[in-house]
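Coordinates as given in query.cif (mmCIF, C-alpha atoms (C1' of nucleotides)):
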```cif
data_model
loop_
_atom_site.label_atom_id
_atom_site.label_comp_id
_atom_site.auth_asym_id
_atom_site.auth_seq_id
_atom_site.Cartn_x
_atom_site.Cartn_y
_atom_site.Cartn_z
CA MET A 1137 -28.96 -7.74 19.84
CA CYS A 1138 -32.40 -6.98 18.68
CA ASN A 1139 -32.88 -7.15 14.97
CA LYS A 1140 -35.91 -6.94 12.84
CA MET A 1141 -36.11 -5.79 9.29
CA LEU A 1142 -37.06 -2.45 10.67
CA PHE A 1143 -33.56 -1.19 11.30
CA ASP A 1144 -33.64 2.52 10.71
CA PRO A 1145 -31.71 4.15 13.50
CA PHE A 1146 -31.77 7.66 12.20
CA LEU A 1147 -35.05 8.02 10.49
CA SER A 1148 -36.44 11.00 12.23
CA ASP A 1149 -39.95 11.70 11.16
CA GLU A 1150 -39.41 15.38 11.46
CA ILE A 1151 -35.78 16.08 10.83
CA GLU A 1152 -35.00 14.22 7.64
CA SER A 1153 -32.54 16.47 6.00
CA GLY A 1154 -31.30 16.30 2.50
CA ILE A 1155 -28.04 17.75 3.75
CA PRO A 1156 -25.28 15.66 2.16
CA ALA A 1157 -22.99 15.59 5.16
CA THR A 1158 -25.72 14.37 7.45
CA SER A 1159 -26.87 11.72 5.01
CA LEU A 1160 -23.33 10.55 4.60
CA TYR A 1161 -22.83 10.45 8.34
CA ARG A 1162 -25.96 8.42 8.88
CA LEU A 1163 -25.11 6.01 6.12
CA ILE A 1164 -21.67 5.34 7.50
CA HIS A 1165 -23.15 4.80 10.92
CA ASP A 1166 -25.82 2.43 9.68
CA VAL A 1167 -23.45 0.38 7.59
CA TYR A 1168 -20.99 0.15 10.43
CA VAL A 1169 -23.62 -1.03 12.89
CA LEU A 1170 -24.89 -3.64 10.49
CA LEU A 1171 -21.40 -4.97 9.86
CA ASP A 1172 -20.46 -4.88 13.52
CA ASN A 1173 -23.47 -6.93 14.48
CA ALA A 1174 -22.66 -9.48 11.83
CA ASP A 1175 -19.02 -9.55 12.85
CA ARG A 1176 -19.83 -10.49 16.35
CA SER A 1177 -21.53 -13.70 15.38
CA VAL A 1178 -18.75 -14.81 13.07
CA LEU A 1179 -15.96 -14.08 15.52
CA ALA A 1180 -17.83 -15.69 18.39
CA GLN A 1181 -17.12 -19.00 16.69
CA PHE A 1182 -13.49 -18.42 17.58
CA ASP A 1183 -14.26 -17.06 21.03
CA LEU A 1184 -13.15 -13.64 19.90
CA THR A 1185 -14.78 -10.28 20.38
CA PRO A 1186 -14.36 -7.73 17.60
CA SER A 1187 -11.77 -5.93 19.68
CA GLN A 1188 -9.79 -9.07 20.28
CA TYR A 1189 -9.93 -9.82 16.60
CA ARG A 1190 -8.71 -6.38 15.70
CA VAL A 1191 -5.81 -6.45 18.06
CA LEU A 1192 -4.94 -9.95 16.94
CA MET A 1193 -4.70 -8.68 13.38
CA LEU A 1194 -2.41 -5.91 14.57
CA MET A 1195 0.06 -8.25 16.21
CA HIS A 1196 3.26 -8.76 14.40
CA PRO A 1197 3.77 -12.47 13.82
CA PHE A 1198 7.31 -12.47 15.18
CA GLU A 1199 8.28 -9.22 16.81
CA GLY A 1200 6.54 -7.96 19.89
CA ARG A 1201 4.42 -4.86 19.92
CA ARG A 1202 4.33 -2.13 22.50
CA LEU A 1203 1.04 -1.74 24.34
CA THR A 1204 1.07 1.99 23.73
CA ASP A 1205 1.60 1.36 20.06
CA LEU A 1206 -1.50 -0.83 20.00
CA SER A 1207 -3.53 1.74 21.89
CA TYR A 1208 -2.66 4.44 19.36
CA ARG A 1209 -3.53 2.24 16.44
CA MET A 1210 -6.84 1.10 17.86
CA LEU A 1211 -7.80 4.43 19.39
CA PHE A 1212 -8.27 2.63 22.69
CA ALA A 1213 -7.23 3.78 26.11
CA ARG A 1214 -4.03 2.17 27.32
CA SER A 1215 -5.92 0.54 30.13
CA THR A 1216 -8.19 -1.16 27.66
CA ILE A 1217 -5.21 -2.62 25.87
CA THR A 1218 -3.80 -3.82 29.15
CA ARG A 1219 -7.00 -5.73 29.83
CA LEU A 1220 -7.28 -7.04 26.31
CA MET A 1221 -3.76 -8.41 26.67
CA ASP A 1222 -4.57 -9.88 30.06
CA GLN A 1223 -7.40 -11.81 28.47
CA MET A 1224 -5.46 -12.93 25.48
CA GLU A 1225 -2.49 -13.91 27.55
CA ALA A 1226 -4.75 -15.97 29.79
CA ALA A 1227 -6.15 -17.57 26.65
CA GLY A 1228 -2.61 -18.40 25.57
CA LEU A 1229 -2.74 -16.27 22.43
CA VAL A 1230 0.01 -13.81 23.29
CA HIS A 1231 2.80 -13.49 25.82
CA ARG A 1232 4.42 -10.46 27.38
CA VAL A 1233 8.12 -9.75 27.20
CA THR A 1234 9.79 -6.87 28.97
CA ASP A 1235 11.47 -4.58 26.53
CA PRO A 1236 15.26 -4.80 26.87
CA ASP A 1237 15.75 -1.21 25.71
CA ASP A 1238 13.14 0.42 27.93
CA ARG A 1239 12.44 -1.02 31.31
CA ARG A 1240 9.11 0.74 31.50
CA ALA A 1241 7.77 -1.03 28.46
CA GLN A 1242 6.32 -4.41 27.67
CA ARG A 1243 6.22 -6.14 24.33
CA VAL A 1244 3.47 -8.54 23.46
CA ALA A 1245 4.00 -11.20 20.85
CA LEU A 1246 1.92 -13.98 19.38
CA THR A 1247 2.24 -17.49 20.69
CA ALA A 1248 1.99 -20.42 18.32
CA ALA A 1249 -1.65 -20.83 19.31
CA GLY A 1250 -2.21 -17.13 18.72
CA ALA A 1251 -0.68 -17.23 15.28
CA ASP A 1252 -2.81 -20.23 14.43
CA LEU A 1253 -6.04 -18.66 15.62
CA ARG A 1254 -5.12 -15.44 13.91
CA LEU A 1255 -4.94 -17.16 10.56
CA ARG A 1256 -8.08 -19.22 11.02
CA ALA A 1257 -10.14 -16.28 12.24
CA TYR A 1258 -8.87 -14.08 9.46
CA THR A 1259 -9.75 -16.63 6.83
CA ALA A 1260 -13.27 -17.14 8.10
CA HIS A 1261 -13.87 -13.46 8.67
CA GLU A 1262 -12.57 -12.46 5.29
CA GLN A 1263 -14.80 -15.01 3.62
CA TYR A 1264 -17.80 -13.78 5.54
CA ILE A 1265 -17.16 -10.17 4.72
CA THR A 1266 -16.74 -11.03 1.08
CA GLU A 1267 -20.16 -12.66 1.15
CA CYS A 1268 -21.65 -9.59 2.76
CA PHE A 1269 -20.42 -7.41 -0.05
CA ALA A 1270 -20.90 -9.94 -2.83
CA HIS A 1271 -24.26 -8.46 -3.69
CA ARG A 1272 -22.69 -5.28 -4.95
CA PRO A 1273 -20.82 -5.40 -8.27
CA ALA A 1274 -17.05 -5.35 -8.12
CA PRO A 1275 -16.54 -1.98 -9.80
CA GLU A 1276 -18.89 -0.41 -7.31
CA GLN A 1277 -16.87 -1.87 -4.48
CA GLU A 1278 -13.67 -0.52 -5.96
CA GLN A 1279 -15.18 2.88 -6.36
CA LEU A 1280 -16.37 2.86 -2.77
CA ILE A 1281 -12.90 1.92 -1.60
CA GLN A 1282 -11.33 4.82 -3.42
CA LEU A 1283 -13.85 7.31 -2.13
CA LEU A 1284 -13.62 6.08 1.43
CA LYS A 1285 -9.84 6.18 1.32
CA HIS A 1286 -9.99 9.82 0.38
CA LEU A 1287 -12.49 10.46 3.11
CA ARG A 1288 -10.46 8.66 5.74
CA THR A 1289 -7.36 10.62 4.85
CA SER A 1290 -9.28 13.85 4.94
CA LEU A 1291 -10.81 13.05 8.31
CA ARG A 1292 -7.51 12.06 9.81
CA ILE A 1293 -6.08 15.39 8.84
CA HIS A 1294 -9.09 17.43 9.82
CA LEU A 1295 -9.60 15.77 13.19
CA GLY A 1296 -6.25 16.56 14.63
CA ILE A 1297 -4.74 15.54 17.90
CA GLN A 1298 -6.37 15.43 21.26
CA ASP A 1299 -4.95 14.10 24.44
CA THR A 1300 -5.71 11.59 27.11
CA MET B 1258 -9.56 8.70 24.02
CA CYS B 1259 -6.05 8.26 22.84
CA ASN B 1260 -5.32 9.94 19.57
CA LYS B 1261 -2.18 10.57 17.73
CA MET B 1262 -1.74 10.97 14.05
CA LEU B 1263 -0.78 7.35 13.98
CA PHE B 1264 -4.31 5.98 13.82
CA ASP B 1265 -4.16 2.83 11.78
CA PRO B 1266 -6.24 0.25 13.52
CA PHE B 1267 -6.08 -2.46 10.96
CA LEU B 1268 -2.69 -2.18 9.45
CA SER B 1269 -1.37 -5.62 9.97
CA ASP B 1270 2.21 -5.92 8.93
CA GLU B 1271 1.69 -9.41 7.69
CA ILE B 1272 -1.88 -9.73 6.61
CA GLU B 1273 -2.47 -6.72 4.40
CA SER B 1274 -4.79 -8.09 1.82
CA GLY B 1275 -5.81 -6.47 -1.39
CA ILE B 1276 -9.12 -8.24 -1.06
CA PRO B 1277 -11.77 -5.63 -1.83
CA ALA B 1278 -14.28 -6.74 0.78
CA THR B 1279 -11.71 -6.60 3.53
CA SER B 1280 -10.44 -3.21 2.47
CA LEU B 1281 -13.95 -1.91 2.33
CA TYR B 1282 -14.70 -3.31 5.74
CA ARG B 1283 -11.64 -1.71 7.26
CA LEU B 1284 -12.34 1.61 5.67
CA ILE B 1285 -15.88 1.73 6.96
CA HIS B 1286 -14.62 0.82 10.39
CA ASP B 1287 -11.92 3.44 10.40
CA VAL B 1288 -14.16 6.20 9.15
CA TYR B 1289 -16.81 5.30 11.67
CA VAL B 1290 -14.38 5.35 14.56
CA LEU B 1291 -12.98 8.71 13.52
CA LEU B 1292 -16.44 10.22 13.24
CA ASP B 1293 -17.61 8.67 16.47
CA ASN B 1294 -14.72 10.14 18.39
CA ALA B 1295 -15.40 13.54 16.93
CA ASP B 1296 -19.09 13.23 17.66
CA ARG B 1297 -18.55 12.68 21.29
CA SER B 1298 -16.86 16.01 21.80
CA VAL B 1299 -19.50 17.97 19.95
CA LEU B 1300 -22.44 16.33 21.70
CA ALA B 1301 -20.80 16.66 25.08
CA GLN B 1302 -21.47 20.37 24.81
CA PHE B 1303 -25.14 19.51 25.15
CA ASP B 1304 -24.56 16.87 27.81
CA LEU B 1305 -25.54 14.22 25.33
CA THR B 1306 -23.86 10.93 24.53
CA PRO B 1307 -24.04 9.73 20.93
CA SER B 1308 -26.72 7.23 21.95
CA GLN B 1309 -28.79 9.87 23.62
CA TYR B 1310 -28.44 12.05 20.56
CA ARG B 1311 -29.51 9.26 18.28
CA VAL B 1312 -32.56 8.41 20.27
CA LEU B 1313 -33.43 12.07 20.57
CA MET B 1314 -33.41 12.33 16.81
CA LEU B 1315 -35.71 9.33 16.64
CA MET B 1316 -38.33 10.81 18.90
CA HIS B 1317 -41.42 12.06 17.22
CA PRO B 1318 -41.96 15.69 18.16
CA PHE B 1319 -45.58 15.16 19.15
CA GLU B 1320 -46.58 11.53 19.26
CA GLY B 1321 -45.03 9.13 21.71
CA ARG B 1322 -42.85 6.26 20.64
CA ARG B 1323 -42.87 2.73 21.92
CA LEU B 1324 -39.69 1.63 23.66
CA THR B 1325 -39.61 -1.55 21.63
CA ASP B 1326 -39.91 0.49 18.47
CA LEU B 1327 -36.87 2.50 19.49
CA SER B 1328 -34.91 -0.62 20.33
CA TYR B 1329 -35.56 -2.05 16.88
CA ARG B 1330 -34.55 1.11 15.16
CA MET B 1331 -31.38 1.56 17.15
CA LEU B 1332 -30.43 -2.10 17.26
CA PHE B 1333 -30.21 -1.78 21.03
CA ALA B 1334 -31.47 -4.18 23.64
CA ARG B 1335 -34.76 -3.19 25.17
CA SER B 1336 -33.09 -2.84 28.52
CA THR B 1337 -30.69 -0.29 27.09
CA ILE B 1338 -33.58 1.78 25.84
CA THR B 1339 -35.22 1.57 29.23
CA ARG B 1340 -32.14 3.03 30.83
CA LEU B 1341 -31.64 5.66 28.15
CA MET B 1342 -35.20 6.77 28.77
CA ASP B 1343 -34.64 6.76 32.52
CA GLN B 1344 -31.76 9.15 32.03
CA MET B 1345 -33.54 11.39 29.61
CA GLU B 1346 -36.67 11.45 31.70
CA ALA B 1347 -34.59 12.43 34.72
CA ALA B 1348 -33.04 15.16 32.59
CA GLY B 1349 -36.50 16.36 31.70
CA LEU B 1350 -36.13 15.68 27.98
CA VAL B 1351 -38.86 13.09 27.60
CA HIS B 1352 -41.79 11.80 29.59
CA ARG B 1353 -43.46 8.41 29.69
CA VAL B 1354 -47.12 7.86 29.00
CA THR B 1355 -48.83 4.52 29.35
CA ASP B 1356 -50.31 3.40 26.09
CA PRO B 1357 -54.10 3.49 26.26
CA ASP B 1358 -54.46 0.66 23.76
CA ASP B 1359 -51.94 -1.70 25.32
CA ARG B 1360 -51.48 -1.65 29.03
CA ARG B 1361 -48.13 -3.41 28.74
CA ALA B 1362 -46.65 -0.61 26.73
CA GLN B 1363 -45.21 2.80 27.41
CA ARG B 1364 -44.95 5.69 25.05
CA VAL B 1365 -42.20 8.22 25.40
CA ALA B 1366 -42.62 11.70 24.04
CA LEU B 1367 -40.52 14.82 23.95
CA THR B 1368 -41.00 17.51 26.53
CA ALA B 1369 -40.65 21.13 25.54
CA ALA B 1370 -37.10 21.10 26.88
CA GLY B 1371 -36.42 17.93 24.89
CA ALA B 1372 -37.71 19.43 21.68
CA ASP B 1373 -35.60 22.49 22.27
CA LEU B 1374 -32.44 20.56 22.94
CA ARG B 1375 -33.16 18.30 20.02
CA LEU B 1376 -33.16 21.21 17.66
CA ARG B 1377 -30.11 22.90 19.11
CA ALA B 1378 -28.08 19.71 19.17
CA TYR B 1379 -29.10 18.81 15.67
CA THR B 1380 -28.11 22.20 14.35
CA ALA B 1381 -24.70 22.12 15.96
CA HIS B 1382 -24.04 18.54 15.05
CA GLU B 1383 -25.09 19.00 11.47
CA GLN B 1384 -22.83 21.98 11.14
CA TYR B 1385 -19.93 20.07 12.58
CA ILE B 1386 -20.44 17.08 10.33
CA THR B 1387 -20.63 19.35 7.35
CA GLU B 1388 -17.26 20.79 8.30
CA CYS B 1389 -15.81 17.31 8.64
CA PHE B 1390 -16.81 16.46 5.10
CA ALA B 1391 -16.19 19.87 3.64
CA HIS B 1392 -12.74 18.84 2.48
CA ARG B 1393 -14.18 16.46 -0.07
CA PRO B 1394 -15.80 17.94 -3.15
CA ALA B 1395 -19.58 17.87 -3.30
CA PRO B 1396 -19.92 15.50 -6.25
CA GLU B 1397 -17.72 13.03 -4.44
CA GLN B 1398 -19.96 13.23 -1.40
CA GLU B 1399 -23.03 12.63 -3.52
CA GLN B 1400 -21.42 9.67 -5.16
CA LEU B 1401 -20.50 8.22 -1.78
CA ILE B 1402 -24.05 8.67 -0.59
CA GLN B 1403 -25.45 6.76 -3.52
CA LEU B 1404 -22.99 3.91 -3.18
CA LEU B 1405 -23.48 3.61 0.55
CA LYS B 1406 -27.24 3.63 0.15
CA HIS B 1407 -26.97 0.66 -2.16
CA LEU B 1408 -24.65 -1.06 0.25
CA ARG B 1409 -26.89 -0.44 3.23
CA THR B 1410 -29.89 -1.84 1.41
CA SER B 1411 -27.93 -4.85 0.33
CA LEU B 1412 -26.64 -5.49 3.82
CA ARG B 1413 -30.05 -5.15 5.38
CA ILE B 1414 -31.37 -7.78 3.05
CA HIS B 1415 -28.40 -10.08 3.34
CA LEU B 1416 -28.16 -9.93 7.13
CA GLY B 1417 -31.63 -11.13 7.89
CA ILE B 1418 -33.37 -11.51 11.17
CA GLN B 1419 -31.97 -12.70 14.41
CA ASP B 1420 -33.59 -12.70 17.77
CA THR B 1421 -32.97 -11.51 21.25
"C1'" DT C 1127 -63.90 -19.80 28.03
"C1'" DT C 1128 -59.74 -21.09 29.20
"C1'" DA C 1129 -55.05 -22.44 28.60
"C1'" DT C 1130 -50.95 -21.72 26.30
"C1'" DG C 1131 -47.87 -18.89 24.21
"C1'" DA C 1132 -46.02 -14.24 22.77
"C1'" DT C 1133 -44.94 -9.43 23.84
"C1'" DT C 1134 -43.68 -5.25 26.90
"C1'" DG C 1135 -40.89 -3.02 29.90
"C1'" DT C 1136 -37.93 -3.67 33.94
"C1'" DT C 1137 -34.18 -5.44 36.83
"C1'" DG C 1138 -29.85 -8.12 38.14
"C1'" DC C 1139 -25.71 -9.52 36.51
"C1'" DA C 1140 -21.59 -9.64 33.49
"C1'" DT C 1141 -18.53 -7.40 30.24
"C1'" DA C 1142 -16.12 -3.64 27.70
"C1'" DC C 1143 -14.42 0.64 27.80
"C1'" DG C 1144 -12.63 5.52 29.26
"C1'" DC C 1145 -10.63 8.48 32.79
"C1'" DA C 1146 -7.79 9.58 36.62
"C1'" DA C 1147 -4.25 8.35 39.66
"C1'" DC C 1148 -0.15 5.86 40.48
"C1'" DA C 1149 4.91 4.07 40.68
"C1'" DG C 1150 8.66 3.06 37.94
"C1'" DT C 1151 11.46 4.65 34.28
"C1'" DT C 1152 13.35 7.60 30.76
"C1'" DT C 1153 14.05 12.15 28.75
"C1'" DT C 1154 14.80 16.94 28.93
"C1'" DA C 1155 16.10 21.26 30.97
"C1'" DT C 1156 18.88 23.86 34.02
"C1'" DA D 718 24.49 16.53 38.11
"C1'" DT D 719 20.19 17.13 39.29
"C1'" DA D 720 15.52 18.63 39.04
"C1'" DA D 721 11.46 18.69 36.29
"C1'" DA D 722 8.83 16.78 32.85
"C1'" DA D 723 7.18 13.08 29.98
"C1'" DC D 724 6.20 8.39 29.15
"C1'" DT D 725 4.76 3.21 30.28
"C1'" DG D 726 1.80 -0.02 31.93
"C1'" DT D 727 -1.42 -1.01 35.74
"C1'" DT D 728 -5.38 -0.47 38.81
"C1'" DG D 729 -9.83 1.50 40.76
"C1'" DC D 730 -13.92 3.44 39.60
"C1'" DG D 731 -17.87 4.95 36.76
"C1'" DT D 732 -20.70 4.29 32.65
"C1'" DA D 733 -22.81 1.91 28.64
"C1'" DT D 734 -24.46 -2.11 26.92
"C1'" DG D 735 -26.21 -7.10 26.22
"C1'" DC D 736 -28.43 -11.21 28.12
"C1'" DA D 737 -31.48 -13.76 30.99
"C1'" DA D 738 -35.24 -13.82 34.03
"C1'" DC D 739 -39.43 -11.81 35.54
"C1'" DA D 740 -44.45 -10.08 36.14
"C1'" DA D 741 -48.02 -7.98 33.71
"C1'" DT D 742 -50.57 -8.01 29.70
"C1'" DC D 743 -52.17 -9.38 25.19
"C1'" DA D 744 -53.06 -12.90 21.46
"C1'" DT D 745 -54.04 -17.33 19.89
"C1'" DA D 746 -55.66 -22.03 20.14
"C1'" DA D 747 -58.43 -25.71 22.01
#
```
Please go through the file and, once you have read it, give me the structure as structure tokens.
Amino acid sequence: MCNKMLFDPFLSDEIESGIPATSLYRLIHDVYVLLDNADRSVLAQFDLTPSQYRVLMLMHPFEGRRLTDLSYRMLFARSTITRLMDQMEAAGLVHRVTDPDDRRAQRVALTAAGADLRLRAYTAHEQYITECFAHRPAPEQEQLIQLLKHLRTSLRIHLGIQDT
Amino acid sequence: MCNKMLFDPFLSDEIESGIPATSLYRLIHDVYVLLDNADRSVLAQFDLTPSQYRVLMLMHPFEGRRLTDLSYRMLFARSTITRLMDQMEAAGLVHRVTDPDDRRAQRVALTAAGADLRLRAYTAHEQYITECFAHRPAPEQEQLIQLLKHLRTSLRIHLGIQDT
DNA sequence: TTATGATTGTTGCATACGCAACAGTTTTAT
DNA sequence: ATAAAACTGTTGCGTATGCAACAATCATAA
């Protein structure tokens, strides 16, 4: 992690287009990278990587979740989910249960410790994120949310299905 | 890469807050991931990874750039830049020159092949990105750009300096 | 001037992730 | 009923990245 105030990952001295799509793309990238870097430090306090945090948030508090289900939702390869679950199971956050209806499948569910960490991490993370955005007025945030929701929907439709 | 229409990385059945900051955070994440996945396939046509593409765009067409400079701009570790440059030098896209003013430093500059690829990749990528966003009306795109610019500035200020 | 500290790029090591292959299981087609 | 296809989770392997340590060089202080 190498930060100075100079962060400007896309400023090309030559190609600096005024093309809206490219500007938009760069902005989303920059904002994501900034947030991701910040995330890491907050979640490290709970010994969680961003991926572990995300999958923790996806766990149903009571029912188990299928690994494949998680991989679809996170856009991760199944093997990555397997390893994430290995880690989190070793850390005592989740436990695997074989699915009674499908003997191929596993279901992973939160342990008590997992549910506890989930809540604590969420609380801290949510507070941190709120601070990050606190410097922009509330109506602006709301407007951004609406616009990004439209964009996300549009992208999901436009970028159809691929395969493993 | 494991896509189905089901992409929903943050939909937690239990914790689904209406907190604006969290929604905003999730949206930015989701949009970034969608775009990043799409990126990869476009850039692969030029044998470029997203990182290689980014650093290519950062290269000055004539002058050399310091590796440290690139690492700051990309928020990458210096070692990562070293290896990126190793690859791109091997591919004949850039070449290293020792800095005459500072014998510690290297400057990397585009080769003719690098400049050529840079332009071709940029053109294709820009066109693709434009298509991705084409489903949202232009004024909406402009509005998003303005809001994200504010946000990026705010984040850069708020998330100050760390160190390696 | 010299000694101490900072900076530059590189390398070794660890981690996170995707892809391909696999065996076990279920589903579908014939 | 059975063969073919699809799906599930796992493992091996390759790649991308960060961190820590390092030598060479520069900058600063005494």
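Atom to atom, atom CA of B:Phe1390 and atom CA of A:Leu1291 stand 7.6 Å apart.
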Give as a short mmCIF file (atom, residue, chain, number, x, y, z; two decimals) with C-alpha atoms (C1' of nucleotides), keeping the file's coordinate frame the residues that the PyMOL selection byres ((chain D) within 9 of (chain B)) matches when applied to the coordinates above.
```
data_model
loop_
_atom_site.label_atom_id
_atom_site.label_comp_id
_atom_site.auth_asym_id
_atom_site.auth_seq_id
_atom_site.Cartn_x
_atom_site.Cartn_y
_atom_site.Cartn_z
"C1'" DA D 733 -22.81 1.91 28.64
"C1'" DT D 734 -24.46 -2.11 26.92
"C1'" DG D 735 -26.21 -7.10 26.22
"C1'" DC D 736 -28.43 -11.21 28.12
"C1'" DA D 741 -48.02 -7.98 33.71
"C1'" DT D 742 -50.57 -8.01 29.70
"C1'" DC D 743 -52.17 -9.38 25.19
#
```
Hits of the PyMOL selection byres ((chain C and resi 1131) around 8) in this structure, as a ChimeraX atom specification: /C:1130,1132 /D:745
Show me, as a VMD selection string, the residues that have an atom within 8 Å of stretch 1277-1294 of chain B when counting only C-alpha atoms (C1' of nucleotides), minus same-chain residues fewer than 5 positions from it. (chain A and resid 1164 to 1165 1167 to 1168 1262 1265 to 1266 1269 1277 to 1278 1280 to 1281 1284 to 1285 1287 to 1288 1291 to 1292 1295) or (chain B and resid 1258 1265 to 1267 1307)
Selection dump of the PyMOL selection byres ((chain D and resi 719-727) around 12), as a PyMOL selection string: (chain A and resi 1202-1205+1207+1213-1219+1221-1222+1232+1234-1235+1238-1243) or (chain C and resi 1147-1156) or (chain D and resi 718+728-729)
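The smallest atom-to-atom distance between A:His1261 and any of A:Gln1279, A:Arg1201, A:Arg1190, A:Val1244, using only C-alpha atoms, is found for A:Arg1190.
Atom CA of A:His1231 is positioned 19.0 Å from atom CA of A:Ala1257.
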So that all listed atoms of stretch 1327-1344 of chain B fit with 3 Å spare on each side, what axis-aligned box centre and edge lengths in Å, to one decimal, would you give as lines of an AutoDock Vina configuration file?
```
center_x = -33.5
center_y = 2.5
center_z = 23.8
size_x = 12.7
size_y = 19.3
size_z = 23.4
```
Residue contacts of C:DA1129 (10 Å, only C-alpha atoms (C1' of nucleotides)) excluding same-chain residues fewer than 2 positions away, as an MDAnalysis selection string: (chainID C and resid 1127 1131) or (chainID D and resid 746:747)
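Excluding D:DA740 itself and same-chain residues fewer than 3 positions from it, the residues having an atom within 12 Å of it are Arg1361 of chain B; DT1134, DG1135, DT1136 and DT1137 of chain C, counting all atoms listed in the file.
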